[in-house]
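Containing TSV, C-alpha atoms and all ligand atoms: data_0.tsv.
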chain	number	residue	atom	x	y	z
A	1	MET	CA	0.00	0.00	0.00
A	2	ALA	CA	1.23	3.43	-0.69
A	3	ARG	CA	-0.88	6.54	-0.74
A	4	LEU	CA	-4.15	6.81	1.13
A	5	SER	CA	-6.91	4.74	-0.41
A	6	ALA	CA	-9.83	6.57	-1.99
A	7	ALA	CA	-11.98	5.86	1.09
A	8	ASN	CA	-9.28	7.07	3.46
A	9	GLU	CA	-8.61	10.15	1.37
A	10	GLN	CA	-12.27	10.97	1.75
A	11	ARG	CA	-11.99	10.48	5.51
A	12	ALA	CA	-8.88	12.66	5.57
A	13	ARG	CA	-10.66	15.44	3.70
A	14	ALA	CA	-13.53	15.23	6.20
A	15	LEU	CA	-11.00	15.57	9.04
A	16	VAL	CA	-9.37	18.56	7.38
A	17	ALA	CA	-12.77	20.24	7.14
A	18	LEU	CA	-13.07	20.17	10.94
A	19	TYR	CA	-10.24	22.64	11.40
A	20	PRO	CA	-9.77	26.28	10.44
A	21	ARG	CA	-6.44	25.48	8.79
A	22	PRO	CA	-5.66	22.22	6.93
A	23	ARG	CA	-2.37	21.68	8.79
A	24	SER	CA	-4.25	21.43	12.10
A	25	ALA	CA	-5.54	18.01	10.99
A	26	LEU	CA	-2.03	16.57	10.73
A	27	MET	CA	-2.18	14.29	13.78
A	28	PRO	CA	-5.54	12.63	13.02
A	29	VAL	CA	-4.59	12.23	9.36
A	30	LEU	CA	-1.34	10.53	10.39
A	31	HIS	CA	-3.29	8.17	12.64
A	32	LEU	CA	-5.55	7.46	9.69
A	33	ALA	CA	-2.57	6.64	7.48
A	34	GLN	CA	-1.12	4.42	10.17
A	35	GLU	CA	-4.44	2.67	10.59
A	36	GLN	CA	-4.33	1.85	6.87
A	37	ASP	CA	-0.88	0.30	6.61
A	38	GLY	CA	0.29	-0.18	10.17
A	39	TRP	CA	3.05	2.37	9.63
A	40	LEU	CA	3.54	5.64	7.83
A	41	THR	CA	4.82	4.89	4.37
A	42	PRO	CA	6.74	7.69	2.61
A	43	GLU	CA	3.99	7.76	-0.02
A	44	ALA	CA	1.27	8.17	2.61
A	45	MET	CA	3.20	11.00	4.25
A	46	GLU	CA	3.57	12.72	0.87
A	47	HIS	CA	-0.14	12.31	0.29
A	48	ALA	CA	-0.87	13.76	3.73
A	49	ALA	CA	1.38	16.72	2.91
A	50	GLU	CA	-0.62	17.39	-0.25
A	51	LEU	CA	-3.92	17.28	1.64
A	52	LEU	CA	-2.66	19.45	4.49
A	53	ASP	CA	-0.76	22.04	2.49
A	54	LEU	CA	2.52	21.04	4.11
A	55	THR	CA	5.84	19.82	2.78
A	56	PRO	CA	6.70	16.11	3.12
A	57	ALA	CA	9.57	17.15	5.38
A	58	GLU	CA	7.16	18.89	7.77
A	59	VAL	CA	4.98	15.79	7.90
A	60	TYR	CA	7.99	13.53	8.48
A	61	GLY	CA	9.31	15.89	11.15
A	62	THR	CA	6.12	15.49	13.16
A	63	ALA	CA	5.71	11.77	12.47
A	64	SER	CA	9.26	10.98	13.56
A	65	PHE	CA	8.92	13.04	16.76
A	66	TYR	CA	6.13	11.00	18.34
A	67	ASP	CA	6.67	7.48	19.66
A	68	MET	CA	3.23	6.32	18.60
A	69	PHE	CA	3.90	6.91	14.92
A	70	PHE	CA	6.03	4.44	13.01
A	71	THR	CA	8.07	5.44	9.99
A	72	GLU	CA	9.24	1.86	9.47
A	73	PRO	CA	7.14	-1.31	9.18
A	74	VAL	CA	5.92	-2.99	12.35
A	75	GLY	CA	4.23	-6.34	12.90
A	76	ARG	CA	0.52	-6.89	12.61
A	77	HIS	CA	0.32	-6.68	16.39
A	78	LEU	CA	2.26	-4.15	18.39
A	79	VAL	CA	2.79	-5.72	21.81
A	80	SER	CA	3.68	-3.04	24.35
A	81	VAL	CA	4.90	-4.23	27.74
A	82	CYS	CA	4.79	-1.60	30.46
A	83	THR	CA	7.74	-1.42	32.84
A	84	ASN	CA	6.82	1.80	34.59
A	85	ILE	CA	6.62	1.93	38.35
A	86	ALA	CA	3.34	0.12	39.13
A	87	CYS	CA	4.07	-2.58	36.58
A	88	LEU	CA	7.71	-2.76	37.61
A	89	LEU	CA	6.67	-3.49	41.19
A	90	ALA	CA	4.23	-6.14	39.93
A	91	GLY	CA	6.77	-7.95	37.75
A	92	GLY	CA	6.74	-5.90	34.54
A	93	ALA	CA	10.49	-6.21	33.97
A	94	GLU	CA	10.34	-9.98	34.41
A	95	LEU	CA	7.36	-10.09	32.05
A	96	LEU	CA	9.34	-8.19	29.40
A	97	GLU	CA	12.27	-10.55	29.87
A	98	HIS	CA	9.91	-13.50	29.41
A	99	ALA	CA	8.37	-11.86	26.32
A	100	GLU	CA	11.77	-11.37	24.72
A	101	SER	CA	12.66	-14.98	25.39
A	102	ALA	CA	9.29	-16.38	24.27
A	103	LEU	CA	9.14	-14.35	21.06
A	104	GLY	CA	12.84	-14.62	20.26
A	105	VAL	CA	13.26	-10.87	19.75
A	106	LYS	CA	14.51	-8.01	21.86
A	107	ALA	CA	12.25	-5.05	22.61
A	108	GLY	CA	11.94	-3.10	19.37
A	109	GLY	CA	12.12	-6.24	17.25
A	110	THR	CA	9.54	-8.04	15.11
A	111	THR	CA	9.02	-11.78	14.99
A	112	ALA	CA	10.08	-13.56	11.81
A	113	ASP	CA	6.47	-14.20	10.80
A	114	GLY	CA	5.73	-10.45	10.93
A	115	GLN	CA	2.95	-10.99	13.44
A	116	LEU	CA	4.29	-9.42	16.59
A	117	THR	CA	6.43	-6.37	17.30
A	118	LEU	CA	7.55	-6.17	20.90
A	119	GLU	CA	8.22	-2.87	22.62
A	120	GLU	CA	8.85	-1.62	26.15
A	121	VAL	CA	6.68	1.33	27.10
A	122	GLU	CA	6.08	3.77	29.89
A	123	CYS	CA	2.79	3.83	31.81
A	124	ILE	CA	-0.20	2.96	29.63
A	125	ALA	CA	-2.71	3.98	32.31
A	126	LEU	CA	-3.66	0.48	33.37
A	127	CYS	CA	-1.79	0.61	36.67
A	128	ASP	CA	-4.62	-1.08	38.60
A	129	ARG	CA	-4.13	-4.17	36.43
A	130	ALA	CA	-0.34	-4.33	36.55
A	131	PRO	CA	1.67	-5.79	35.01
A	132	ALA	CA	-0.09	-4.51	31.94
A	133	VAL	CA	0.34	-5.02	28.22
A	134	ALA	CA	-1.23	-3.18	25.30
A	135	VAL	CA	-1.75	-4.81	21.92
A	136	ASN	CA	-2.53	-2.29	19.20
A	137	TRP	CA	-3.65	-0.03	22.05
A	138	ARG	CA	-6.13	-2.52	23.47
A	139	TYR	CA	-5.31	-3.41	27.05
A	140	PHE	CA	-4.60	-6.67	28.86
A	141	GLY	CA	-3.68	-7.24	32.49
A	142	PRO	CA	-2.63	-8.34	34.92
A	143	LEU	CA	-0.59	-10.79	32.88
A	144	THR	CA	1.54	-13.67	34.08
A	145	PRO	CA	4.20	-15.13	31.77
A	146	GLY	CA	1.77	-17.95	30.99
A	147	GLY	CA	-0.98	-15.44	30.30
A	148	PHE	CA	1.35	-13.58	27.94
A	149	ASP	CA	2.02	-16.79	25.99
A	150	THR	CA	-1.71	-17.48	25.71
A	151	LEU	CA	-2.31	-13.92	24.55
A	152	CYS	CA	0.28	-14.25	21.79
A	153	GLU	CA	-1.13	-17.61	20.70
A	154	ASP	CA	-4.61	-16.10	20.51
A	155	LEU	CA	-3.34	-13.14	18.52
A	156	ARG	CA	-1.51	-15.32	16.04
A	157	ALA	CA	-4.54	-17.60	15.64
A	158	GLY	CA	-6.85	-14.63	15.07
A	159	ARG	CA	-8.99	-15.47	18.08
A	160	LEU	CA	-8.94	-11.83	19.22
A	161	ALA	CA	-9.69	-10.36	15.82
A	162	ASP	CA	-12.99	-8.95	17.07
A	163	THR	CA	-11.39	-6.89	19.82
A	164	VAL	CA	-7.88	-6.13	18.58
A	165	PRO	CA	-7.70	-4.35	15.21
A	166	PRO	CA	-4.79	-5.08	12.89
A	167	HIS	CA	-1.66	-2.93	12.94
A	168	GLY	CA	-0.52	-0.51	15.61
A	169	THR	CA	-3.79	1.35	15.51
A	170	LEU	CA	-4.44	3.96	18.16
A	171	CYS	CA	-8.15	4.26	17.56
A	172	ARG	CA	-10.67	4.65	14.87
A	173	VAL	CA	-10.16	8.16	13.57
A	174	ARG	CA	-13.82	8.91	13.21
A	175	ARG	CA	-15.81	11.82	14.51
A	176	ALA	CA	-19.47	11.16	15.28
A	177	VAL	CA	-20.00	14.72	16.42
A	178	GLY	CA	-18.63	18.08	15.45
A	179	LEU	CA	-19.02	20.51	12.63
A	180	PRO	CA	-16.78	21.55	9.81
A	181	ALA	CA	-14.89	24.61	10.93
A	182	GLY	CA	-16.73	27.86	10.25
A	183	VAL	CA	-20.05	26.27	9.33
A	184	ALA	CA	-23.22	26.40	11.41
A	185	PRO	CA	-25.61	23.40	11.50
A	186	GLU	CA	-27.74	24.81	8.70
A	187	GLY	CA	-24.68	25.42	6.54
A	188	ARG	CA	-24.45	29.18	7.18
A	189	PRO	CA	-21.02	30.63	7.95
A	190	VAL	CA	-20.60	30.85	11.71
A	191	GLY	CA	-21.17	34.38	12.98
A	192	ASP	CA	-23.92	35.21	10.51
A	193	GLU	CA	-26.66	33.78	12.68
A	194	ALA	CA	-28.41	35.88	15.29
A	195	PRO	CA	-27.41	34.76	18.81
A	196	GLY	CA	-30.03	32.85	20.77
A	197	PRO	CA	-31.17	34.11	24.20
A	198	ALA	CA	-28.61	32.04	26.13
A	199	LEU	CA	-25.69	33.14	23.94
A	200	ALA	CA	-26.83	36.77	24.04
A	201	GLU	CA	-27.01	36.56	27.84
A	202	ARG	CA	-23.51	35.11	28.11
A	203	ARG	CA	-22.14	37.79	25.80
A	204	ALA	CA	-23.80	40.52	27.85
A	205	ALA	CA	-22.40	39.04	31.08
A	206	LYS	CA	-18.92	38.86	29.60
A	207	ALA	CA	-19.13	42.47	28.40
A	208	ALA	CA	-20.30	43.58	31.84
A	209	ASP	CA	-17.43	41.71	33.52
A	210	LEU	CA	-14.93	43.37	31.25
A	211	GLN	CA	-16.33	46.80	32.13
A	212	HIS	CA	-16.59	46.05	35.87
A	213	PRO	CA	-13.98	43.43	36.74
A	214	ALA	CA	-14.19	41.41	39.98
A	215	GLY	CA	-13.17	43.25	43.13
A	216	ALA	CA	-10.18	42.39	45.27
A	217	ASP	CA	-12.35	40.11	47.40
A	218	GLY	CA	-13.15	38.02	44.36
A	219	ALA	CA	-16.78	39.12	44.20
A	220	PRO	CA	-18.13	39.24	40.72
A	221	GLY	CA	-18.21	42.57	38.97
A	222	SER	CA	-21.23	44.72	39.66
A	223	GLY	CA	-22.22	44.65	36.05
A	224	ARG	CA	-22.42	40.83	35.81
A	225	ALA	CA	-25.71	39.69	34.40
A	226	GLN	CA	-27.80	37.52	36.68
A	227	ALA	CA	-29.17	34.28	35.34
A	228	PRO	CA	-32.75	33.34	36.21
A	229	GLY	CA	-32.80	32.14	39.81
A	230	GLY	CA	-30.13	34.59	40.90
A	231	GLU	CA	-27.11	32.40	40.19
A	232	PRO	CA	-24.15	34.37	38.87
A	301	LIG	S1	2.73	1.73	35.41
A	301	LIG	FE1	2.17	0.21	33.98
A	301	LIG	S2	0.19	0.81	33.40
A	301	LIG	FE2	0.78	2.37	34.76
Could you take the file, read its structure, and then write that structure out as structure tokens?
Ligand code: FES
Amino acid sequence: MARLSAANEQRARALVALYPRPRSALMPVLHLAQEQDGWLTPEAMEHAAELLDLTPAEVYGTASFYDMFFTEPVGRHLVSVCTNIACLLAGGAELLEHAESALGVKAGGTTADGQLTLEEVECIALCDRAPAVAVNWRYFGPLTPGGFDTLCEDLRAGRLADTVPPHGTLCRVRRAVGLPAGVAPEGRPVGDEAPGPALAERRAAKAADLQHPAGADGAPGSGRAQAPGGEP
């Protein structure tokens, strides 16, 4: 795979439309490209640059800065073993040692069948289930060495296909809510519509606060509008 597929280009354009400037959509578009191929191919980064009005070098500069983006191929499953403090105390280092031995690769390596890339990571926010492992950013824990072996067998056999997406995918880059930047629900440019009562009230309160700022005791400014019921 090289450039974004037609479907993903359409998704990328929809993401770009959510922001005032195309370049602001760089991170979600990179996640989209990574979701497609598992890593950021040079062709996909060039395509992203075209869509975002950036140079390929600017895209690569961002992609190579963040640990969660891969500019080289990774296995179908990215197995991330946490060795941060909670996991360390619960056996995370020993689990990583076992993983390296069981998979036959050091952290950072990919198994010969291309199925599993092993990496050592900092806290993945699953401290209450330490020692914890993430696979393509889906979480498992606490894991014993035996549990780790079972997990890898299940991944290789496709038994977890329903819950673990292929590649090192952070998440589905889809927005169920939100509006294209600068467009109101009815398609009018934002700012053209008359403010509703609530918005007008908030604007009036803000203007009053600016004219009569809060006193030294922290009391609201005398000009602050009062909402129904007397709450400030
Ligand atoms: S320290 Fe491992 S998940 Fe937080």
Original post:
Can you tell me, as number ranges by chain, which residues sit within 12 Å of (13.0, -9.5, 27.9) in the file's frame, using all atoms listed in the file?
Top reply: A: 80-83, 91-109, 118-120, 145
Min atom-atom distance to Gln36 (chain A) from the set A:Cys127, A:Phe148, A:Leu160, A:His167, counting all atoms listed in the file, belongs to A:His167
- Message: What does the list of residues within 9 Å of ligand LIG 301 (chain A) look like if you count only C-alpha atoms and all ligand atoms, written as a PyMOL selection string?
- Response: chain A and resi 81-90+92+121-133+141
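Residue nearest Gln34 (chain A) within the list A:Arg138, A:Glu50, A:Glu153, A:Met68: A:Met68 [criterion: smallest interatomic distance, only C-alpha atoms].
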Expressed in Å, the length from CA of Tyr139 (chain A) to CA of Gly38 (chain A) is 18.1 Å
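One finds CA of Pro166 (chain A) at 18.3 Å from CA of Asp67 (chain A).
Closest approach to Ala6 (chain A) from the set A:Asp162, A:Ala33, A:Phe69, A:Thr110 is made by A:Ala33, with distances taken over only C-alpha atoms.
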As a check of understanding: the span from CA of Arg76 (chain A) to CA of Leu52 (chain A) is 27.7 Å
Could you give me, as a compact mmCIF listing (two decimals) with C-alpha atoms, in the coordinates of the input, the residues within 12 Å of Glu9 (chain A), counting only C-alpha atoms and dropping anything in the same chain fewer than 2 positions from it?
# COMPACT_ATOMS: atom_id res chain seq x y z
CA ARG A 3 -0.88 6.54 -0.74
CA LEU A 4 -4.15 6.81 1.13
CA SER A 5 -6.91 4.74 -0.41
CA ALA A 6 -9.83 6.57 -1.99
CA ALA A 7 -11.98 5.86 1.09
CA ARG A 11 -11.99 10.48 5.51
CA ALA A 12 -8.88 12.66 5.57
CA ARG A 13 -10.66 15.44 3.70
CA ALA A 14 -13.53 15.23 6.20
CA LEU A 15 -11.00 15.57 9.04
CA VAL A 16 -9.37 18.56 7.38
CA VAL A 29 -4.59 12.23 9.36
CA LEU A 30 -1.34 10.53 10.39
CA LEU A 32 -5.55 7.46 9.69
CA ALA A 33 -2.57 6.64 7.48
CA GLN A 36 -4.33 1.85 6.87
CA ALA A 44 1.27 8.17 2.61
CA HIS A 47 -0.14 12.31 0.29
CA ALA A 48 -0.87 13.76 3.73
CA GLU A 50 -0.62 17.39 -0.25
CA LEU A 51 -3.92 17.28 1.64
CA LEU A 52 -2.66 19.45 4.49
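The residue that comes closest to Arg23 (chain A), out of A:Val59, A:Val74, A:Met45, A:Leu40 and on the basis of all atoms listed in the file, is A:Val59.
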